[in-house]
file protein_31.txt (compact mmCIF, C-alpha atoms)
# COMPACT_ATOMS: atom_id res chain seq x y z
CA MET T 1 -18.19 15.48 2.40
CA GLU T 2 -18.29 18.18 5.03
CA ALA T 3 -18.21 17.57 8.76
CA LYS T 4 -20.97 19.53 10.47
CA GLY T 5 -20.42 21.32 13.76
CA LYS T 6 -17.31 21.70 15.87
CA SER T 7 -17.90 19.09 18.56
CA ASN T 8 -15.54 16.20 19.27
CA SER T 9 -18.25 13.64 18.49
CA PHE T 10 -17.76 10.68 16.19
CA GLU T 11 -20.23 12.25 13.72
CA SER T 12 -18.29 15.52 13.50
CA LYS T 13 -14.89 13.90 13.02
CA ILE T 14 -15.89 11.44 10.29
CA LYS T 15 -16.46 13.40 7.09
CA CYS T 16 -19.87 12.16 6.03
CA SER T 17 -22.78 12.97 3.83
CA ASN T 18 -26.26 12.56 5.29
CA ILE T 19 -27.36 10.58 2.26
CA ASP T 20 -28.40 6.92 2.20
CA ILE T 21 -25.46 5.16 0.53
CA LYS T 22 -27.82 2.67 -1.14
CA THR T 23 -29.19 5.48 -3.28
CA ILE T 24 -25.67 6.14 -4.57
CA TYR T 25 -24.08 2.68 -4.81
CA THR T 26 -25.10 -0.83 -5.79
CA PHE T 27 -23.48 -3.43 -3.55
CA HIS T 28 -21.91 -6.56 -5.05
CA GLU T 29 -19.80 -9.45 -3.74
CA ILE T 30 -18.20 -9.53 -0.30
CA LEU T 31 -14.42 -9.20 -0.34
CA GLY T 32 -13.87 -9.90 3.33
CA ARG T 33 -15.38 -9.96 6.79
CA GLY T 34 -13.91 -8.50 9.95
CA GLN T 35 -14.75 -8.06 13.61
CA PHE T 36 -16.85 -4.97 12.98
CA GLY T 37 -18.30 -5.46 9.52
CA THR T 38 -17.68 -6.34 5.90
CA VAL T 39 -15.92 -5.06 2.80
CA ARG T 40 -17.93 -5.25 -0.43
CA VAL T 41 -17.47 -4.28 -4.04
CA GLY T 42 -19.61 -1.26 -4.86
CA GLU T 43 -20.60 0.47 -8.08
CA ARG T 44 -22.10 3.89 -8.59
CA LYS T 45 -25.67 3.78 -9.91
CA SER T 46 -25.43 6.92 -12.04
CA GLY T 47 -23.60 7.25 -15.34
CA ASN T 48 -22.44 4.80 -17.98
CA GLN T 49 -18.88 4.44 -16.65
CA VAL T 50 -18.35 1.08 -14.98
CA LYS T 51 -16.01 1.78 -12.08
CA LYS T 52 -15.93 -0.32 -8.94
CA TYR T 53 -15.00 0.66 -5.39
CA ALA T 54 -14.29 -1.06 -2.09
CA ILE T 55 -16.90 -0.18 0.55
CA LYS T 56 -16.10 -0.99 4.16
CA THR T 57 -19.31 -1.16 6.17
CA ILE T 58 -18.86 -1.00 9.95
CA THR T 59 -21.55 -1.76 12.53
CA LYS T 60 -21.44 1.25 14.88
CA LYS T 61 -22.91 -0.53 17.92
CA LYS T 62 -19.91 -2.89 18.04
CA LEU T 63 -17.38 -0.07 18.28
CA SER T 64 -15.59 0.79 21.49
CA SER T 65 -14.31 4.33 22.11
CA LYS T 66 -10.83 3.18 21.01
CA ASP T 67 -12.26 1.65 17.82
CA ILE T 68 -14.07 4.91 17.07
CA GLN T 69 -10.85 6.83 17.63
CA ASN T 70 -8.92 4.53 15.25
CA LEU T 71 -11.59 4.77 12.53
CA THR T 72 -11.89 8.52 12.89
CA ASN T 73 -8.11 8.81 12.71
CA GLU T 74 -7.95 6.58 9.61
CA VAL T 75 -10.57 8.58 7.69
CA GLN T 76 -9.12 11.94 8.68
CA ILE T 77 -5.59 10.98 7.63
CA LEU T 78 -6.67 9.23 4.41
CA SER T 79 -8.69 12.29 3.37
CA THR T 80 -5.47 14.35 3.30
CA LEU T 81 -3.35 11.91 1.27
CA ASP T 82 -2.72 12.10 -2.47
CA HIS T 83 -0.11 9.67 -3.77
CA PRO T 84 -0.09 7.01 -6.55
CA ASN T 85 0.86 4.25 -4.09
CA ILE T 86 -1.54 5.10 -1.27
CA ILE T 87 -5.14 3.91 -1.29
CA LYS T 88 -7.49 6.77 -2.21
CA LEU T 89 -10.42 7.62 0.03
CA GLU T 90 -13.41 8.51 -2.15
CA GLU T 91 -16.03 9.43 0.45
CA ALA T 92 -17.72 8.31 3.66
CA TYR T 93 -21.37 7.94 4.62
CA GLN T 94 -23.19 7.03 7.78
CA ASP T 95 -26.68 6.30 8.98
CA GLN T 96 -28.11 5.36 12.36
CA PHE T 97 -26.49 1.93 12.43
CA TYR T 98 -23.56 1.87 10.00
CA LEU T 99 -20.51 3.76 8.85
CA HIS T 100 -19.52 3.25 5.19
CA ILE T 101 -15.99 4.10 4.01
CA VAL T 102 -15.59 4.15 0.21
CA THR T 103 -12.09 3.73 -1.24
CA GLU T 104 -10.63 2.79 -4.59
CA LEU T 105 -10.80 -0.95 -5.24
CA CYS T 106 -7.71 -3.15 -5.37
CA GLU T 107 -8.62 -6.22 -7.41
CA GLY T 108 -5.26 -7.94 -6.93
CA LYS T 109 -3.96 -9.80 -3.90
CA ASP T 110 -1.75 -8.58 -1.10
CA VAL T 111 1.95 -8.38 -1.97
CA LEU T 112 3.01 -11.69 -0.40
CA ASN T 113 0.23 -13.71 -2.03
CA GLN T 114 0.57 -12.09 -5.45
CA CYS T 115 4.35 -12.63 -5.36
CA HIS T 116 3.77 -16.22 -4.25
CA PHE T 117 1.87 -16.94 -7.48
CA LYS T 118 4.50 -15.38 -9.72
CA GLU T 119 7.04 -17.84 -11.07
CA ASN T 120 10.68 -16.86 -10.71
CA LEU T 121 10.23 -13.76 -8.56
CA SER T 122 13.41 -11.79 -9.23
CA GLU T 123 15.36 -9.32 -7.14
CA ASN T 124 14.36 -6.64 -9.68
CA ASN T 125 10.68 -7.41 -9.07
CA VAL T 126 11.16 -6.94 -5.33
CA CYS T 127 13.23 -3.81 -5.90
CA LEU T 128 10.42 -2.15 -7.87
CA ILE T 129 7.80 -3.02 -5.22
CA ILE T 130 9.96 -1.60 -2.43
CA PHE T 131 10.81 1.49 -4.50
CA LYS T 132 7.10 2.31 -4.87
CA LEU T 133 6.43 1.58 -1.20
CA LEU T 134 9.34 3.82 -0.20
CA SER T 135 7.96 6.64 -2.32
CA ALA T 136 4.68 6.40 -0.39
CA VAL T 137 6.45 6.31 2.98
CA ARG T 138 8.72 9.22 1.98
CA TYR T 139 5.54 11.17 1.16
CA LEU T 140 3.97 10.24 4.52
CA HIS T 141 7.04 11.19 6.54
CA ASP T 142 7.41 14.42 4.60
CA ASN T 143 3.86 15.23 5.75
CA ASN T 144 4.61 14.20 9.36
CA ILE T 145 2.57 10.99 9.22
CA VAL T 146 3.89 7.64 10.45
CA HIS T 147 2.05 4.48 9.33
CA ARG T 148 3.13 2.08 12.14
CA ASP T 149 1.71 -1.07 10.55
CA ILE T 150 3.59 -1.59 7.28
CA LYS T 151 3.41 -5.28 6.34
CA THR T 152 2.67 -7.41 3.29
CA ASP T 153 -1.03 -7.72 4.26
CA ASN T 154 -1.41 -3.94 4.02
CA ILE T 155 0.04 -3.59 0.53
CA MET T 156 -2.22 -4.65 -2.35
CA PHE T 157 -1.83 -4.86 -6.10
CA SER T 158 -4.34 -2.74 -8.04
CA THR T 159 -5.18 -5.62 -10.37
CA LYS T 160 -4.33 -9.31 -10.75
CA ASP T 161 -1.56 -8.31 -13.17
CA PHE T 162 1.79 -8.48 -11.38
CA SER T 163 2.95 -5.33 -13.17
CA SER T 164 0.06 -3.26 -11.79
CA GLU T 165 0.46 -0.52 -9.18
CA ILE T 166 0.79 -1.30 -5.48
CA LYS T 167 -1.26 0.50 -2.84
CA LEU T 168 -0.48 1.04 0.85
CA LEU T 169 -3.64 0.78 2.95
CA ASP T 170 -5.00 0.35 6.49
CA PHE T 171 -4.16 3.61 8.25
CA GLY T 172 -5.91 2.67 11.51
CA LEU T 173 -2.64 2.81 13.48
CA SER T 174 -1.14 5.77 11.63
CA LYS T 175 -0.45 9.00 13.46
CA LYS T 176 0.62 12.60 12.96
CA PHE T 177 4.00 13.11 14.58
CA ILE T 178 6.11 16.08 15.63
CA THR T 179 9.69 15.89 14.38
CA GLY T 180 12.06 15.22 17.27
CA THR T 181 9.28 13.96 19.57
CA LYS T 182 9.20 10.28 20.52
CA MET T 183 6.10 8.06 20.45
CA LYS T 184 5.49 5.54 23.23
CA GLU T 185 2.40 3.47 22.32
CA LYS T 186 3.32 -0.18 21.74
CA THR T 187 1.53 -0.93 18.50
CA GLY T 188 1.97 -2.80 15.23
CA THR T 189 2.27 -6.42 14.03
CA PRO T 190 4.84 -8.47 16.04
CA PHE T 191 6.96 -9.77 13.12
CA TYR T 192 7.40 -6.21 11.79
CA ILE T 193 7.93 -4.35 15.08
CA CYS T 194 11.25 -2.56 15.53
CA PRO T 195 13.38 -2.85 18.70
CA GLU T 196 12.56 0.66 19.93
CA ILE T 197 8.78 -0.02 19.88
CA ILE T 198 9.43 -3.01 22.16
CA ILE T 199 11.49 -0.75 24.42
CA GLY T 200 8.78 1.90 24.31
CA GLU T 201 10.28 5.02 22.70
CA TYR T 202 10.45 5.49 18.93
CA ASP T 203 9.98 7.83 15.96
CA GLU T 204 8.94 7.56 12.28
CA LYS T 205 11.94 5.32 11.50
CA CYS T 206 9.85 2.43 12.84
CA ASP T 207 8.35 2.35 9.31
CA MET T 208 11.81 1.87 7.80
CA TRP T 209 12.43 -1.18 10.00
CA SER T 210 9.13 -2.67 8.78
CA ILE T 211 10.20 -2.06 5.17
CA GLY T 212 13.46 -3.88 5.91
CA VAL T 213 11.53 -6.86 7.33
CA MET T 214 9.25 -6.93 4.31
CA THR T 215 12.15 -6.74 1.83
CA TYR T 216 13.92 -9.59 3.65
CA LEU T 217 10.73 -11.67 3.56
CA LEU T 218 10.05 -11.10 -0.16
CA ILE T 219 13.62 -12.00 -1.13
CA SER T 220 14.17 -15.00 1.17
CA GLY T 221 10.67 -16.32 1.90
CA ILE T 222 11.16 -16.15 5.68
CA PHE T 223 11.16 -13.43 8.31
CA PRO T 224 14.50 -12.09 9.56
CA PHE T 225 13.41 -12.81 13.14
CA TYR T 226 11.16 -15.72 14.07
CA THR T 227 10.55 -18.47 16.58
CA GLU T 228 10.54 -22.08 15.45
CA ALA T 229 6.80 -22.12 16.17
CA GLU T 230 6.20 -19.30 13.67
CA LYS T 231 8.97 -19.50 11.11
CA ARG T 232 6.97 -19.13 7.91
CA PRO T 233 4.76 -16.20 6.85
CA TYR T 234 1.54 -18.21 6.99
CA ALA T 235 2.15 -19.84 10.40
CA LYS T 236 0.05 -18.28 13.15
CA GLY T 237 0.63 -20.55 16.13
CA LYS T 238 -2.18 -21.94 18.26
CA LYS T 239 -5.00 -19.42 18.04
CA ASP T 240 -6.88 -20.92 20.99
CA ASP T 241 -3.90 -20.88 23.35
CA LYS T 242 -3.34 -17.32 24.66
CA THR T 243 -0.52 -18.37 26.99
CA ASN T 244 1.32 -20.03 24.12
CA LYS T 245 0.85 -16.93 21.96
CA LYS T 246 2.26 -14.63 24.64
CA GLU T 247 5.28 -16.86 25.15
CA ILE T 248 5.95 -17.00 21.40
CA GLU T 249 5.64 -13.20 21.16
CA LYS T 250 8.01 -12.74 24.11
CA GLU T 251 10.58 -15.04 22.49
CA LEU T 252 10.17 -13.22 19.16
CA PHE T 253 10.74 -9.82 20.76
CA GLN T 254 13.92 -11.08 22.44
CA LYS T 255 15.22 -12.18 19.05
CA ILE T 256 14.36 -8.80 17.52
CA LEU T 257 16.23 -7.06 20.33
CA LYS T 258 19.33 -9.29 20.36
CA ASP T 259 19.74 -11.45 17.24
CA LYS T 260 21.17 -10.56 13.83
CA PRO T 261 19.46 -11.65 10.59
CA SER T 262 21.23 -14.29 8.52
CA TYR T 263 22.38 -13.56 4.96
CA SER T 264 24.27 -16.79 4.45
CA ASP T 265 21.85 -19.15 2.67
CA LYS T 266 21.62 -19.90 -1.05
CA VAL T 267 19.01 -17.19 -1.67
CA TRP T 268 21.13 -14.36 -0.32
CA GLY T 269 24.17 -15.72 -2.14
CA THR T 270 22.48 -14.89 -5.46
CA CYS T 271 21.50 -11.33 -4.42
CA THR T 272 23.41 -8.20 -5.30
CA LYS T 273 25.49 -6.45 -2.65
CA LYS T 274 23.25 -3.39 -3.06
CA ALA T 275 20.13 -5.36 -2.07
CA ILE T 276 21.80 -6.84 1.00
CA ASP T 277 23.21 -3.44 1.98
CA PHE T 278 19.74 -1.86 1.73
CA VAL T 279 18.16 -4.52 3.95
CA LYS T 280 20.96 -4.30 6.51
CA LYS T 281 20.64 -0.51 6.72
CA CYS T 282 16.87 -0.77 7.24
CA LEU T 283 17.33 -3.43 9.94
CA GLU T 284 19.80 -1.41 12.00
CA LYS T 285 18.73 -1.91 15.62
CA ASN T 286 19.88 1.60 16.54
CA PRO T 287 17.44 3.96 14.78
CA LYS T 288 20.16 6.65 14.58
CA ASN T 289 22.07 4.35 12.20
CA ARG T 290 18.97 3.26 10.26
CA LEU T 291 18.09 4.75 6.89
CA SER T 292 15.52 7.52 6.90
CA SER T 293 12.90 7.46 4.14
CA LEU T 294 14.73 10.33 2.43
CA GLU T 295 18.05 8.45 2.53
CA ALA T 296 16.40 5.19 1.46
CA VAL T 297 14.96 6.51 -1.83
CA LYS T 298 18.50 7.60 -2.76
CA HIS T 299 20.03 4.17 -2.07
CA PRO T 300 22.05 2.73 -5.01
CA TRP T 301 19.76 -0.32 -5.16
CA PHE T 302 17.11 1.87 -6.86
CA LYS T 303 19.44 3.62 -9.31
CA ASN T 304 18.44 1.48 -12.33
CA ILE T 305 14.72 2.08 -11.72
CA ILE T 306 15.23 5.85 -11.56
CA ASN T 307 17.36 5.81 -14.72
CA GLU T 308 14.74 3.77 -16.59
CA LEU T 309 12.04 6.30 -15.70
CA LYS T 310 13.98 9.34 -16.88
CA THR T 311 13.42 8.75 -20.59
CA PRO T 312 11.54 10.54 -23.42
CA GLN T 313 8.88 7.84 -23.10
CA TYR T 314 7.73 9.26 -19.76
CA ILE T 315 8.90 12.90 -19.76
CA THR T 316 7.10 14.31 -22.79
CA LYS T 317 6.31 17.72 -24.25
CA ASP T 318 2.54 17.11 -24.03
CA ILE T 319 2.67 16.24 -20.33
CA LEU T 320 4.82 19.20 -19.27
CA LEU T 321 2.98 21.78 -21.38
CA GLY T 322 -0.33 20.29 -20.17
CA LEU T 323 0.76 20.95 -16.58
CA ILE T 324 1.45 24.62 -17.30
CA GLU T 325 -1.81 25.06 -19.22
CA PHE T 326 -3.80 23.39 -16.43
CA TYR T 327 -3.00 26.29 -14.10
CA ASN T 328 -2.19 29.19 -16.45
CA LYS T 329 -4.87 28.73 -19.12
CA ASP T 330 -7.67 26.45 -17.89
CA ASN T 331 -10.51 28.21 -16.09
CA PRO T 332 -11.63 26.99 -12.62
CA LEU T 333 -14.58 25.00 -14.04
CA GLU T 334 -12.31 23.16 -16.51
CA ARG T 335 -9.96 22.23 -13.67
CA LEU T 336 -12.88 20.90 -11.62
CA LEU T 337 -14.15 18.88 -14.60
CA LYS T 338 -10.73 17.36 -15.23
CA ARG T 339 -10.25 16.51 -11.55
CA HIS T 340 -13.53 14.61 -11.55
CA LEU T 341 -12.84 12.89 -14.88
CA ILE T 342 -9.86 11.14 -13.25
CA THR T 343 -12.42 8.64 -11.91
CA MET T 344 -13.19 7.62 -15.51
CA LEU T 345 -9.62 6.71 -16.43
CA THR T 346 -8.68 3.04 -16.55
CA SER T 347 -6.04 1.47 -14.30
CA ALA T 348 -3.76 1.01 -17.32
CA GLU T 349 -4.06 4.68 -18.29
CA ILE T 350 -3.30 5.85 -14.76
CA GLN T 351 -0.37 3.47 -14.34
CA LYS T 352 1.35 4.84 -17.44
CA LEU T 353 0.85 8.38 -16.12
CA ASN T 354 2.25 7.30 -12.74
CA SER T 355 5.54 6.45 -14.43
CA SER T 356 5.65 9.97 -15.85
CA PHE T 357 4.87 11.41 -12.42
CA PHE T 358 7.78 9.49 -10.83
CA ALA T 359 10.08 10.50 -13.70
CA ILE T 360 9.42 14.21 -13.03
CA ASN T 361 9.10 13.98 -9.23
CA THR T 362 12.77 13.08 -8.81
CA ASN T 363 12.89 13.67 -5.05
CA LEU T 364 9.99 11.21 -4.61
CA ASN T 365 8.16 13.32 -2.05
CA GLY T 366 4.79 13.01 -3.83
CA SER T 367 4.56 16.50 -5.34
CA ILE T 368 6.29 18.43 -8.14
CA ASP T 369 8.09 21.67 -7.26
CA LEU T 370 9.54 24.48 -9.36
CA SER T 371 13.03 22.98 -9.67
CA GLU T 372 11.59 19.67 -10.90
CA LEU T 373 9.49 21.48 -13.51
CA GLN T 374 12.58 23.35 -14.67
CA GLU T 375 14.56 20.11 -14.93
CA GLY T 376 11.72 18.49 -16.89
CA PHE T 377 11.72 21.22 -19.53
CA LYS T 378 15.52 21.09 -19.74
CA PHE T 379 15.27 17.33 -20.35
CA ILE T 380 12.93 17.77 -23.34
CA ARG T 381 14.96 20.80 -24.51
CA ILE T 382 12.11 23.30 -24.55
CA CYS T 383 12.75 26.87 -23.44
CA ILE T 384 10.04 28.31 -21.23
CA SER T 385 10.26 31.39 -19.04
CA ASN T 386 10.76 30.97 -15.31
CA LEU T 387 7.98 33.55 -14.88
CA GLU T 388 5.44 31.20 -16.51
CA LEU T 389 6.67 28.22 -14.45
CA GLU T 390 6.56 30.23 -11.23
CA LYS T 391 3.03 31.41 -12.04
CA ALA T 392 1.82 27.81 -12.46
CA ILE T 393 3.52 26.69 -9.23
CA ASN T 394 2.04 29.64 -7.31
CA LEU T 395 -1.45 28.87 -8.63
CA ALA T 396 -0.90 25.27 -7.53
CA GLY T 397 -0.19 26.45 -3.99
CA GLY T 398 3.59 26.08 -4.10
CA LYS T 399 3.70 22.53 -5.48
CA ILE T 400 1.78 20.35 -7.93
CA CYS T 401 -0.04 17.48 -6.23
CA TYR T 402 -0.43 14.03 -7.76
CA SER T 403 -4.14 14.32 -8.60
CA ASP T 404 -3.65 17.63 -10.41
CA PHE T 405 -0.80 16.06 -12.38
CA ILE T 406 -3.16 13.31 -13.59
CA ALA T 407 -6.00 15.80 -14.22
CA SER T 408 -3.74 18.02 -16.33
CA THR T 409 -3.31 15.20 -18.87
CA ILE T 410 -7.04 14.85 -19.55
CA ASN T 411 -8.35 15.96 -22.94
CA LEU T 412 -11.96 17.10 -22.45
CA LYS T 413 -12.80 16.35 -26.11
CA LYS T 414 -12.39 12.62 -25.41
CA PHE T 415 -15.22 12.79 -22.87
CA ASN T 416 -17.62 14.77 -25.08
CA SER T 417 -20.54 12.34 -25.02
CA LYS T 418 -24.12 13.01 -23.90
CA ASN T 419 -24.02 10.39 -21.12
CA ILE T 420 -20.78 11.67 -19.61
CA ILE T 421 -21.92 15.30 -19.77
CA LEU T 422 -25.17 14.31 -18.02
CA GLU T 423 -23.23 12.43 -15.34
CA LEU T 424 -20.93 15.43 -14.79
CA PHE T 425 -23.96 17.69 -14.47
CA LYS T 426 -25.55 15.39 -11.86
CA TYR T 427 -22.28 15.19 -9.94
CA PHE T 428 -21.84 18.98 -9.69
CA ASP T 429 -25.58 19.57 -9.19
CA SER T 430 -25.53 17.35 -6.06
call {"tool": "encode", "arguments": {"input": "protein_31.txt", "output": "structure tokens"}}
result
Amino acid sequence: MEAKGKSNSFESKIKCSNIDIKTIYTFHEILGRGQFGTVRVGERKSGNQVKKYAIKTITKKKLSSKDIQNLTNEVQILSTLDHPNIIKLEEAYQDQFYLHIVTELCEGKDVLNQCHFKENLSENNVCLIIFKLLSAVRYLHDNNIVHRDIKTDNIMFSTKDFSSEIKLLDFGLSKKFITGTKMKEKTGTPFYICPEIIIGEYDEKCDMWSIGVMTYLLISGIFPFYTEAEKRPYAKGKKDDKTNKKEIEKELFQKILKDKPSYSDKVWGTCTKKAIDFVKKCLEKNPKNRLSSLEAVKHPWFKNIINELKTPQYITKDILLGLIEFYNKDNPLERLLKRHLITMLTSAEIQKLNSSFFAINTNLNGSIDLSELQEGFKFIRICISNLELEKAINLAGGKICYSDFIASTINLKKFNSKNIILELFKYFDS
């Protein structure tokens, strides 16, 4: 996926291969339709590994210059992200009429719908979802990216199993930001918009407000700010009445600017003080008093989750030594092979490894540094020289990314079959 040329054209900004996607993927059922195209389930034609992807196909002739800018922005930002709770961009293709964006497939529902079908949704369930979302947002902010459209619709479960991983998606409104510089574009989904976006000057803490809104909604079943016309999550107002919609939005924004959320009903009465405190600190109208993503991941509400992860079940000798060997002993070809073999791991295998990743990545910034490696080896009581750890970290470029962490756990002997070797050959030969 290399962009050709240095022009500012749509073709040069979208990282594409000049290959007909139908020679690579078989298209299956439609997952959804939008204004510009469709999202289908896709499956690679080569190899014996059955792995499905989500393929968004966009009709290029329907795109305005702003639409092109948003899509270009989404692909460029997604191509740089590597986190267990952020949707993974696989590749992108285009032809004369269409643009095809291939991402990992989420077979579950969005967070609100999947939670709706779970009986007895507990505060602990919500806490774990928000913890994982916060880890993703902490990673984004640490890399100077603001999402600007965090909402339940944009967070999907990997599978239909409620215990599966969540994924943050839809980066069409995301943006690279400069620390200390304010943004002014009024963008986002009305129910989740923070007061300073309405005013017209804001920073990355707009994402933290949206997380507060989402947490409030998942716990109570209603939004913290709403008009009587649109009280419930599924109510959309009169779609054919633009005047009515504008009036409702204006009333909603006034409530966001002036009202305080209620924590007095029966639902909130059963919640812990830590949960209420977290929501209140996310829904601070003054962004200076609002939690940052760094502060939020350290909030006491998440203490039990962090303690549960830091156990011998997740921080093991094999995983830590595998990390060191991946950089210090594996040759470049082995590393490439292991990185590609990640695509052949099952969701269950990856989810278990994700828990180990979070257990070692204690600062939740999406990558493992030297101090975290040192702490990991101390935890399992194995002495290893700082020189060897520093060598691995230096070879990793100063920090170990998520994908390399997963790749380091792969045992090549388990993939020693004729079909897989042939598939690997075809992949690298292309």
call {"tool": "residues_around", "arguments": {"input": "protein_31.txt", "residues": "Ile150 (chain T)", "least_positions_apart": "4", "cutoff": "7 Å", "atoms": "all atoms listed in the file", "output": "PyMOL selection string"}}
result
chain T and resi 154+207+210-211
call {"tool": "closest_residue", "arguments": {"input": "protein_31.txt", "among": "T:Glu123, T:Glu349, T:Asp67, T:Glu372", "to": "Thr272 (chain T)", "atoms": "all atoms listed in the file"}}
result
T:Glu123
call {"tool": "closest_atom_pairs", "arguments": {"input": "protein_31.txt", "of": "region 283-385 of chain T", "to": "region 414-428 of chain T", "cutoff": "9 Å", "atoms": "all atoms listed in the file", "output": "tab-separated table"}}
result
residue	atom	partner	partner_atom	distance
T:Leu337	CA	T:Leu424	CA	7.6
T:His340	CA	T:Leu424	CA	8.1
T:Leu341	CA	T:Phe415	CA	8.3
call {"tool": "closest_residue", "arguments": {"input": "protein_31.txt", "among": "T:Ile24, T:Ile342, T:Leu78, T:Ile315", "to": "Leu412 (chain T)", "atoms": "all atoms listed in the file"}}
result
T:Ile342
call {"tool": "atom_distance", "arguments": {"input": "protein_31.txt", "atom1": "CA of Asp161 (chain T)", "atom2": "CA of Ser356 (chain T)"}}
result
19.8 Å
call {"tool": "closest_residue", "arguments": {"input": "protein_31.txt", "among": "T:Cys206, T:Ile382, T:Glu196, T:Gly108", "to": "Met156 (chain T)", "atoms": "only C-alpha atoms"}}
result
T:Gly108
call {"tool": "closest_residue", "arguments": {"input": "protein_31.txt", "among": "T:Trp301, T:Tyr98, T:Tyr53, T:Phe171", "to": "Asn124 (chain T)", "atoms": "only C-alpha atoms"}}
result
T:Trp301
call {"tool": "closest_residue", "arguments": {"input": "protein_31.txt", "among": "T:Gly180, T:Pro195, T:Gly172, T:Gly212", "to": "Thr72 (chain T)", "atoms": "only C-alpha atoms"}}
result
T:Gly172
call {"tool": "atom_distance", "arguments": {"input": "protein_31.txt", "atom1": "CA of Ser293 (chain T)", "atom2": "CA of Phe177 (chain T)"}}
result
14.8 Å
call {"tool": "atom_distance", "arguments": {"input": "protein_31.txt", "atom1": "CA of Ile166 (chain T)", "atom2": "CA of Asn85 (chain T)"}}
result
5.7 Å
call {"tool": "residues_around", "arguments": {"input": "protein_31.txt", "residues": "region 286-290 of chain T", "least_positions_apart": "2", "cutoff": "9 Å", "atoms": "all atoms listed in the file", "output": "number ranges by chain"}}
result
T: 195-196, 202-203, 205-206, 208-209, 280-284, 292
call {"tool": "write_last_selection", "arguments": {"input": "protein_31.txt", "atoms": "C-alpha atoms", "output": "compact mmCIF listing (two decimals), in the frame of the given file"}}
result
# COMPACT_ATOMS: atom_id res chain seq x y z
CA PRO T 195 13.38 -2.85 18.70
CA GLU T 196 12.56 0.66 19.93
CA TYR T 202 10.45 5.49 18.93
CA ASP T 203 9.98 7.83 15.96
CA LYS T 205 11.94 5.32 11.50
CA CYS T 206 9.85 2.43 12.84
CA MET T 208 11.81 1.87 7.80
CA TRP T 209 12.43 -1.18 10.00
CA LYS T 280 20.96 -4.30 6.51
CA LYS T 281 20.64 -0.51 6.72
CA CYS T 282 16.87 -0.77 7.24
CA LEU T 283 17.33 -3.43 9.94
CA GLU T 284 19.80 -1.41 12.00
CA SER T 292 15.52 7.52 6.90
call {"tool": "closest_residue", "arguments": {"input": "protein_31.txt", "among": "T:Arg335, T:Lys413, T:Lys61, T:His83", "to": "Leu323 (chain T)", "atoms": "only C-alpha atoms"}}
result
T:Arg335
